[in-house]
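Enquirer: The structure under discussion is supplied below as structure tokens; questions concerning it will follow.
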There are 2 protein chains.
Amino acid sequence: MGRRSDALRKGDLREQALLDAAEELLTRTGFERMTVEDIAKGAGISRGSLYFYFGSKHDVLAALVARTMVDIVQDAARAAEDTATPPPQAIERALDHTERMWREHGTVMRAAVEQAAANPAVGRSWDETVEAFAAAMREVLVRAGLPDGDAPTDAGALARTLCWMTERSYYRACAEDGDALDRTTQTLREVWLRVIAAQAH
Amino acid sequence: MGRRSDALRKGDLREQALLDAAEELLTRTGFERMTVEDIAKGAGISRGSLYFYFGSKHDVLAALVARTMVDIVQDAARAAEDTATPPPQAIERALDHTERMWREHGTVMRAAVEQAAANPAVGRSWDETVEAFAAAMREVLVRAGLPDGDAPTDAGALARTLCWMTERSYYRACAEDGDALDRTTQTLREVWLRVIAAQAH
DNA sequence: GAAAAAATTCAGCACCATGTAGACTCTCTG
DNA sequence: CAGAGAGTCTACATGGTGCTGAATTTTTTC
């Protein structure tokens, strides 16, 4: 039998090469305009061969998004460990971290947002990622004194909404120049801080 | 010459019928899955004839979105006229209004969000609409005492960011049941009110 | 190091939706 | 009623996708 013991098969490299090529094309031409043949050619194989690795063009994107999301949540998990930092600093740090993520993985993240509706797998990846951030920020809001509950005005719902605000803002800023990301972080910080500073009414 | 005098040409009705059919299909099958032939058939003409009215499938969506946006901004303009209401009530009213819009035009608005990136015309319509709301809400924030300027932490940027938060939240809630929209409004109100309640730091 | 099994590759086909071309009908106008 | 523009349709060309099945290479096993 041809069972492998070592994990580094030729195909694994090819698979990564395909994802690399897809990422490259994503930045240059966008998802719609890039064709399956382009991706395959970018990795040095024929179009037909690509279908050995991925079932469809959407599968390629789903895998690429998944690969990127792993990076992101790993990175975020490390940062969220220190439960001692006071909320304002925790917010500051989380925003800086998120901004960097958008700077480094902007094209993939943008594609993820845009294809989330049309591509269930991508949608799920993205949702989970944002939800993970929301869970972490919920803790911060609770430490800041917001009501710890599941009502629409409690920490959980507020954190989730603010995280989606953050997502949306960076998504838009990413399409502009690098300064836009900078300004966006300032605006977002102001909103987050105001939310934890205000008294309940 | 065959110049018509009455404004109600046969084609105008057909054009509306096509948009109606497109809207109907949008709710049932989504943009990707719906085909040009489906739209044409829905309006009782052949696929080829549709191209007399619209240059492409994307054009149909752009026209449909434009038609809906006209409704929405007209409605919003009327509501935003009373500059006398105190900020908290103005926010309350704006959110209720927006929620109703998502209830009534949810499918078109969702499609607009999803296709905004792939369809420049749709993207522009949507941007303008949200921007119009942001401009109105900026006034409210100023009346609430936020700094009236163009810096990233002034009323303008805050209003814009909060409007995109609102957009994103309703977009997501719209995919769930009707209660979700209700809860979303409560959460959004809490955020908006907290932002105007907090002191600058 | 040969045979067997698995992994990988590719060319070619079938399909489906899009968009275009050209001919045909309808209706209004002068 | 003739002519022009509006509206309609069938037929075709295009392009990208996904599949299939056979050839080829790599890896494992004995």
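Within each chain, counting starts at residue 1; across the structure tokens, chains are named A, B, ... in the order shown, with ligands numbered 1 upward in that order.
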With only C-alpha atoms (C1' of nucleotides) as the counted atoms, please give the residues lying no more than 12 Å from stretch 9-24 of chain C, apart from itself and same-chain residues fewer than 2 positions off, as a ChimeraX atom specification.

Expert: /A:11,44-53 /B:32-38,47-52,54-58 /C:7,26 /D:7-26

Enquirer: Taking the chain letters and numbering used in this document, name the residues of stretch 145-187 of chain A that DSSP puts in helix (DSSP H, G or I), as number ranges by chain.

Expert: A: 155-174, 178-187

Enquirer: Tell me which protein, DNA and RNA residues are within 12 Å of A:Ala77, counting only C-alpha atoms (C1' of nucleotides), leaving out same-chain ones fewer than 4 positions away, and put them as a VMD selection string.

Expert: chain A and resid 69 to 73 81 to 83 94 97 129 132 to 133 135 to 137

Enquirer: Kindly save the residues from that selection, with all heavy atoms included, as an mmCIF file, in the first residue's frame.

Expert:
data_model
loop_
_atom_site.group_PDB
_atom_site.id
_atom_site.type_symbol
_atom_site.label_atom_id
_atom_site.label_comp_id
_atom_site.auth_asym_id
_atom_site.auth_seq_id
_atom_site.Cartn_x
_atom_site.Cartn_y
_atom_site.Cartn_z
ATOM 1 N N MET A 69 -7.177 32.887 8.610
ATOM 2 C CA MET A 69 -7.869 33.027 9.890
ATOM 3 C C MET A 69 -7.115 32.318 11.008
ATOM 4 O O MET A 69 -7.085 32.784 12.143
ATOM 5 C CB MET A 69 -9.293 32.463 9.798
ATOM 6 C CG MET A 69 -10.222 33.253 8.888
ATOM 7 S SD MET A 69 -10.355 35.004 9.290
ATOM 8 C CE MET A 69 -9.600 35.761 7.856
ATOM 9 N N VAL A 70 -6.515 31.196 10.698
ATOM 10 C CA VAL A 70 -5.713 30.486 11.704
ATOM 11 C C VAL A 70 -4.633 31.417 12.235
ATOM 12 O O VAL A 70 -4.469 31.572 13.447
ATOM 13 C CB VAL A 70 -5.072 29.215 11.104
ATOM 14 C CG1 VAL A 70 -4.009 28.663 12.038
ATOM 15 C CG2 VAL A 70 -6.141 28.163 10.860
ATOM 16 N N ASP A 71 -3.919 32.054 11.344
ATOM 17 C CA ASP A 71 -2.906 33.031 11.737
ATOM 18 C C ASP A 71 -3.481 34.068 12.685
ATOM 19 O O ASP A 71 -2.929 34.362 13.744
ATOM 20 C CB ASP A 71 -2.390 33.781 10.498
ATOM 21 C CG ASP A 71 -1.230 33.037 9.851
ATOM 22 O OD1 ASP A 71 -1.087 31.838 10.140
ATOM 23 O OD2 ASP A 71 -0.494 33.663 9.077
ATOM 24 N N ILE A 72 -4.603 34.609 12.283
ATOM 25 C CA ILE A 72 -5.175 35.742 13.005
ATOM 26 C C ILE A 72 -5.621 35.377 14.407
ATOM 27 O O ILE A 72 -5.300 36.062 15.379
ATOM 28 C CB ILE A 72 -6.341 36.336 12.197
ATOM 29 C CG1 ILE A 72 -5.789 37.017 10.943
ATOM 30 C CG2 ILE A 72 -7.141 37.317 13.032
ATOM 31 C CD1 ILE A 72 -6.838 37.645 10.079
ATOM 32 N N VAL A 73 -6.371 34.271 14.542
ATOM 33 C CA VAL A 73 -6.881 33.944 15.868
ATOM 34 C C VAL A 73 -5.764 33.486 16.796
ATOM 35 O O VAL A 73 -5.792 33.766 17.994
ATOM 36 C CB VAL A 73 -8.011 32.886 15.810
ATOM 37 C CG1 VAL A 73 -9.199 33.437 15.057
ATOM 38 C CG2 VAL A 73 -7.527 31.605 15.194
ATOM 39 N N GLU A 81 -4.494 37.032 26.435
ATOM 40 C CA GLU A 81 -4.263 36.251 27.646
ATOM 41 C C GLU A 81 -4.136 37.098 28.915
ATOM 42 O O GLU A 81 -4.587 36.712 29.980
ATOM 43 C CB GLU A 81 -2.999 35.401 27.481
ATOM 44 C CG GLU A 81 -3.312 34.029 26.882
ATOM 45 C CD GLU A 81 -2.046 33.280 26.538
ATOM 46 O OE1 GLU A 81 -0.965 33.764 26.922
ATOM 47 O OE2 GLU A 81 -2.132 32.240 25.900
ATOM 48 N N ASP A 82 -3.531 38.250 28.763
ATOM 49 C CA ASP A 82 -3.320 39.061 29.957
ATOM 50 C C ASP A 82 -4.627 39.723 30.396
ATOM 51 O O ASP A 82 -5.037 40.741 29.878
ATOM 52 C CB ASP A 82 -2.238 40.121 29.714
ATOM 53 C CG ASP A 82 -2.497 40.876 28.428
ATOM 54 O OD1 ASP A 82 -3.417 40.479 27.692
ATOM 55 O OD2 ASP A 82 -1.789 41.861 28.181
ATOM 56 N N THR A 83 -5.274 39.097 31.385
ATOM 57 C CA THR A 83 -6.562 39.577 31.885
ATOM 58 C C THR A 83 -6.367 40.667 32.921
ATOM 59 O O THR A 83 -7.313 41.112 33.547
ATOM 60 C CB THR A 83 -7.379 38.400 32.467
ATOM 61 O OG1 THR A 83 -8.047 38.838 33.624
ATOM 62 C CG2 THR A 83 -6.481 37.238 32.819
ATOM 63 N N ALA A 94 -6.058 45.863 21.463
ATOM 64 C CA ALA A 94 -6.834 45.050 20.518
ATOM 65 C C ALA A 94 -7.002 45.774 19.188
ATOM 66 O O ALA A 94 -6.891 45.168 18.112
ATOM 67 C CB ALA A 94 -8.203 44.719 21.111
ATOM 68 N N HIS A 97 -3.775 45.807 17.257
ATOM 69 C CA HIS A 97 -3.564 44.471 16.718
ATOM 70 C C HIS A 97 -4.429 44.239 15.486
ATOM 71 O O HIS A 97 -3.963 43.731 14.455
ATOM 72 C CB HIS A 97 -3.890 43.443 17.805
ATOM 73 C CG HIS A 97 -3.740 42.044 17.342
ATOM 74 N ND1 HIS A 97 -4.812 41.288 16.899
ATOM 75 C CD2 HIS A 97 -2.655 41.269 17.218
ATOM 76 C CE1 HIS A 97 -4.369 40.101 16.535
ATOM 77 N NE2 HIS A 97 -3.076 40.052 16.720
ATOM 78 N N THR A 129 -14.356 33.867 13.430
ATOM 79 C CA THR A 129 -13.241 34.733 13.797
ATOM 80 C C THR A 129 -13.726 35.985 14.514
ATOM 81 O O THR A 129 -13.241 36.321 15.601
ATOM 82 C CB THR A 129 -12.440 35.132 12.545
ATOM 83 O OG1 THR A 129 -12.077 33.946 11.836
ATOM 84 C CG2 THR A 129 -11.196 35.898 12.919
ATOM 85 N N ALA A 132 -14.995 35.182 17.874
ATOM 86 C CA ALA A 132 -13.938 34.953 18.852
ATOM 87 C C ALA A 132 -13.445 36.278 19.433
ATOM 88 O O ALA A 132 -13.249 36.405 20.651
ATOM 89 C CB ALA A 132 -12.775 34.207 18.200
ATOM 90 N N PHE A 133 -13.273 37.246 18.578
ATOM 91 C CA PHE A 133 -12.893 38.571 19.059
ATOM 92 C C PHE A 133 -13.973 39.133 19.985
ATOM 93 O O PHE A 133 -13.659 39.701 21.032
ATOM 94 C CB PHE A 133 -12.683 39.527 17.880
ATOM 95 C CG PHE A 133 -11.305 39.485 17.324
ATOM 96 C CD1 PHE A 133 -10.950 38.545 16.374
ATOM 97 C CD2 PHE A 133 -10.333 40.370 17.756
ATOM 98 C CE1 PHE A 133 -9.665 38.490 15.864
ATOM 99 C CE2 PHE A 133 -9.044 40.323 17.259
ATOM 100 C CZ PHE A 133 -8.712 39.382 16.305
ATOM 101 N N ALA A 135 -16.052 37.580 21.843
ATOM 102 C CA ALA A 135 -16.032 36.898 23.144
ATOM 103 C C ALA A 135 -14.935 37.484 24.031
ATOM 104 O O ALA A 135 -15.137 37.709 25.231
ATOM 105 C CB ALA A 135 -15.821 35.399 22.939
ATOM 106 N N ALA A 136 -13.774 37.727 23.423
ATOM 107 C CA ALA A 136 -12.673 38.294 24.194
ATOM 108 C C ALA A 136 -13.017 39.704 24.666
ATOM 109 O O ALA A 136 -12.777 40.063 25.824
ATOM 110 C CB ALA A 136 -11.401 38.310 23.350
ATOM 111 N N MET A 137 -13.596 40.495 23.787
ATOM 112 C CA MET A 137 -13.901 41.874 24.151
ATOM 113 C C MET A 137 -15.048 41.956 25.159
ATOM 114 O O MET A 137 -15.123 42.893 25.945
ATOM 115 C CB MET A 137 -14.244 42.684 22.895
ATOM 116 C CG MET A 137 -13.082 42.867 21.946
ATOM 117 S SD MET A 137 -11.550 43.367 22.757
ATOM 118 C CE MET A 137 -11.921 45.045 23.248
#

Enquirer: Distance atom CA of A:His105-atom CA of A:Val195, one decimal place?

Expert: 28.3 Å

Enquirer: Check every residue of chain B for an atom within 10 Å of chain A, counting only C-alpha atoms, and provide those that qualify as JSON, numbers by chain.

Expert: {"B": [30, 31, 32, 33, 110, 111, 113, 114, 115, 116, 117, 118, 151, 152, 153, 154, 155, 156, 157, 158, 159, 160, 161, 162, 163, 164, 165, 166, 167, 168, 169, 172, 180, 182, 183, 184, 185, 186, 187, 188, 189, 190, 191, 192, 193, 194, 195, 196, 197, 198, 199, 200, 201]}

Enquirer: Would you save the residues of that selection, restricted to N, CA and C atoms, as a short mmCIF file (atom, residue, chain, number, x, y, z; two decimals), in the first residue's frame?

Expert:
data_model
loop_
_atom_site.label_atom_id
_atom_site.label_comp_id
_atom_site.auth_asym_id
_atom_site.auth_seq_id
_atom_site.Cartn_x
_atom_site.Cartn_y
_atom_site.Cartn_z
N GLY B 30 -31.75 34.45 -4.35
CA GLY B 30 -30.47 35.16 -4.22
C GLY B 30 -29.92 35.56 -5.56
N PHE B 31 -28.99 36.50 -5.55
CA PHE B 31 -28.50 37.09 -6.79
C PHE B 31 -27.74 36.11 -7.68
N GLU B 32 -26.84 35.36 -7.08
CA GLU B 32 -26.00 34.45 -7.87
C GLU B 32 -26.87 33.42 -8.59
N ARG B 33 -27.77 32.83 -7.84
CA ARG B 33 -28.54 31.72 -8.38
C ARG B 33 -29.58 32.17 -9.41
N ARG B 110 -30.00 43.85 1.43
CA ARG B 110 -28.98 42.81 1.62
C ARG B 110 -28.20 42.58 0.34
N ALA B 111 -28.91 42.48 -0.77
CA ALA B 111 -28.24 42.27 -2.06
C ALA B 111 -27.31 43.44 -2.36
N VAL B 113 -25.70 45.31 -0.27
CA VAL B 113 -24.48 45.16 0.54
C VAL B 113 -23.56 44.10 -0.06
N GLU B 114 -24.17 42.99 -0.44
CA GLU B 114 -23.36 41.87 -0.92
C GLU B 114 -22.72 42.12 -2.27
N GLN B 115 -23.40 42.88 -3.11
CA GLN B 115 -22.89 43.10 -4.45
C GLN B 115 -22.13 44.42 -4.60
N ALA B 116 -22.09 45.19 -3.53
CA ALA B 116 -21.48 46.52 -3.61
C ALA B 116 -20.05 46.48 -4.15
N ALA B 117 -19.31 45.47 -3.74
CA ALA B 117 -17.91 45.40 -4.18
C ALA B 117 -17.80 45.00 -5.65
N ALA B 118 -18.64 44.07 -6.07
CA ALA B 118 -18.54 43.56 -7.44
C ALA B 118 -19.23 44.47 -8.44
N ALA B 151 -11.81 66.06 12.48
CA ALA B 151 -10.81 65.15 13.03
C ALA B 151 -11.43 63.76 13.25
N PRO B 152 -10.58 62.74 13.34
CA PRO B 152 -11.07 61.36 13.49
C PRO B 152 -11.89 61.12 14.75
N THR B 153 -11.79 62.04 15.72
CA THR B 153 -12.58 61.83 16.94
C THR B 153 -13.71 62.84 17.05
N ASP B 154 -13.99 63.57 15.98
CA ASP B 154 -15.07 64.55 16.00
C ASP B 154 -16.38 63.95 15.51
N ALA B 155 -17.40 64.76 15.58
CA ALA B 155 -18.76 64.29 15.29
C ALA B 155 -18.89 63.61 13.92
N GLY B 156 -18.26 64.20 12.90
CA GLY B 156 -18.41 63.65 11.56
C GLY B 156 -17.95 62.21 11.46
N ALA B 157 -16.72 61.96 11.88
CA ALA B 157 -16.17 60.60 11.80
C ALA B 157 -16.93 59.64 12.69
N LEU B 158 -17.31 60.11 13.88
CA LEU B 158 -18.06 59.24 14.79
C LEU B 158 -19.40 58.85 14.19
N ALA B 159 -20.10 59.84 13.62
CA ALA B 159 -21.40 59.56 13.03
C ALA B 159 -21.27 58.54 11.89
N ARG B 160 -20.28 58.74 11.06
CA ARG B 160 -20.07 57.83 9.94
C ARG B 160 -19.82 56.41 10.44
N THR B 161 -18.92 56.30 11.39
CA THR B 161 -18.60 54.97 11.92
C THR B 161 -19.82 54.31 12.55
N LEU B 162 -20.59 55.09 13.30
CA LEU B 162 -21.78 54.52 13.94
C LEU B 162 -22.83 54.13 12.91
N CYS B 163 -22.90 54.88 11.82
CA CYS B 163 -23.85 54.53 10.76
C CYS B 163 -23.46 53.22 10.10
N TRP B 164 -22.18 53.03 9.87
CA TRP B 164 -21.75 51.76 9.27
C TRP B 164 -21.92 50.61 10.25
N MET B 165 -21.77 50.90 11.53
CA MET B 165 -22.08 49.88 12.54
C MET B 165 -23.56 49.49 12.44
N THR B 166 -24.38 50.51 12.31
CA THR B 166 -25.82 50.27 12.20
C THR B 166 -26.14 49.44 10.97
N GLU B 167 -25.56 49.83 9.86
CA GLU B 167 -25.75 49.08 8.62
C GLU B 167 -25.39 47.61 8.81
N ARG B 168 -24.18 47.39 9.32
CA ARG B 168 -23.69 46.03 9.48
C ARG B 168 -24.59 45.21 10.39
N SER B 169 -25.02 45.82 11.46
CA SER B 169 -25.82 45.09 12.44
C SER B 169 -27.17 44.67 11.86
N ARG B 172 -26.88 41.86 9.29
CA ARG B 172 -26.75 40.53 9.87
C ARG B 172 -28.06 40.07 10.49
N ALA B 180 -34.72 39.29 15.87
CA ALA B 180 -33.32 39.72 15.83
C ALA B 180 -33.23 41.21 15.52
N ASP B 182 -35.39 43.43 16.23
CA ASP B 182 -35.83 44.10 17.44
C ASP B 182 -34.69 44.23 18.45
N ARG B 183 -34.05 43.12 18.73
CA ARG B 183 -32.93 43.13 19.68
C ARG B 183 -31.81 44.03 19.18
N THR B 184 -31.57 43.97 17.88
CA THR B 184 -30.50 44.80 17.31
C THR B 184 -30.75 46.28 17.57
N THR B 185 -31.98 46.69 17.39
CA THR B 185 -32.31 48.10 17.64
C THR B 185 -32.00 48.48 19.09
N GLN B 186 -32.31 47.60 20.01
CA GLN B 186 -32.02 47.90 21.42
C GLN B 186 -30.52 48.06 21.65
N THR B 187 -29.76 47.12 21.09
CA THR B 187 -28.31 47.19 21.27
C THR B 187 -27.74 48.46 20.65
N LEU B 188 -28.18 48.75 19.43
CA LEU B 188 -27.67 49.93 18.74
C LEU B 188 -28.01 51.20 19.51
N ARG B 189 -29.24 51.27 20.02
CA ARG B 189 -29.62 52.45 20.78
C ARG B 189 -28.68 52.63 21.96
N GLU B 190 -28.40 51.54 22.65
CA GLU B 190 -27.50 51.61 23.80
C GLU B 190 -26.14 52.19 23.39
N VAL B 191 -25.61 51.73 22.29
CA VAL B 191 -24.30 52.23 21.85
C VAL B 191 -24.38 53.72 21.50
N TRP B 192 -25.32 54.06 20.66
CA TRP B 192 -25.46 55.47 20.26
C TRP B 192 -25.62 56.37 21.49
N LEU B 193 -26.48 55.97 22.40
CA LEU B 193 -26.73 56.82 23.58
C LEU B 193 -25.49 56.92 24.45
N ARG B 194 -24.79 55.79 24.59
CA ARG B 194 -23.58 55.83 25.39
C ARG B 194 -22.54 56.76 24.77
N VAL B 195 -22.47 56.76 23.46
CA VAL B 195 -21.48 57.62 22.80
C VAL B 195 -21.78 59.09 23.06
N ILE B 196 -23.05 59.48 23.01
CA ILE B 196 -23.33 60.89 23.26
C ILE B 196 -23.33 61.21 24.75
N ALA B 197 -23.49 60.19 25.60
CA ALA B 197 -23.55 60.45 27.04
C ALA B 197 -22.16 60.63 27.64
N ALA B 198 -21.18 59.93 27.04
CA ALA B 198 -19.84 59.93 27.65
C ALA B 198 -19.17 61.30 27.53
N GLN B 199 -18.33 61.58 28.48
CA GLN B 199 -17.52 62.80 28.42
C GLN B 199 -16.29 62.55 27.55
N ALA B 200 -15.84 63.60 26.92
CA ALA B 200 -14.57 63.49 26.19
C ALA B 200 -13.46 63.22 27.20
N HIS B 201 -12.36 62.64 26.73
CA HIS B 201 -11.28 62.31 27.67
C HIS B 201 -9.95 62.82 27.14
#

Enquirer: Find the residue from B:Arg78, B:Arg93, B:Arg143, B:Arg100 that sits nearest to B:Tyr170; use only C-alpha atoms when measuring.

Expert: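 Residue with the minimum atom-to-atom distance to B:Tyr170: B:Arg100.
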
Enquirer: From the list C:DA2, C:DT25, C:DT8, C:DG30, which residue is nearest chain B when using only C-alpha atoms (C1' of nucleotides)?

Expert: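 For chain B, the nearest of the given residues is C:DG30.
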
Enquirer: Pull the closest atom pair for each residue of chain D that gets at most 7 Å from chain A, along with the distance in Å to one decimal, counting only C-alpha atoms (C1' of nucleotides), ordering rows by chain and then ascending residue number, as JSON lines.

Expert:
{"residue": "D:DT27", "atom": "C1'", "partner": "A:Gly2", "partner_atom": "CA", "distance": 6.2}
{"residue": "D:DT28", "atom": "C1'", "partner": "A:Gly2", "partner_atom": "CA", "distance": 4.7}
{"residue": "D:DT29", "atom": "C1'", "partner": "A:Met1", "partner_atom": "CA", "distance": 6.7}

Enquirer: Using atom CA of B:Ala79 and atom CA of B:Ala112 as the two end points, give the distance in Å to one decimal.

Expert: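 Between atom CA of B:Ala79 and atom CA of B:Ala112 the gap works out to 23.0 Å.
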
Enquirer: Just the number, please: distance in Å from atom CA of A:Ala144 to atom CA of A:Ile91, one decimal.

Expert: 10.6 Å
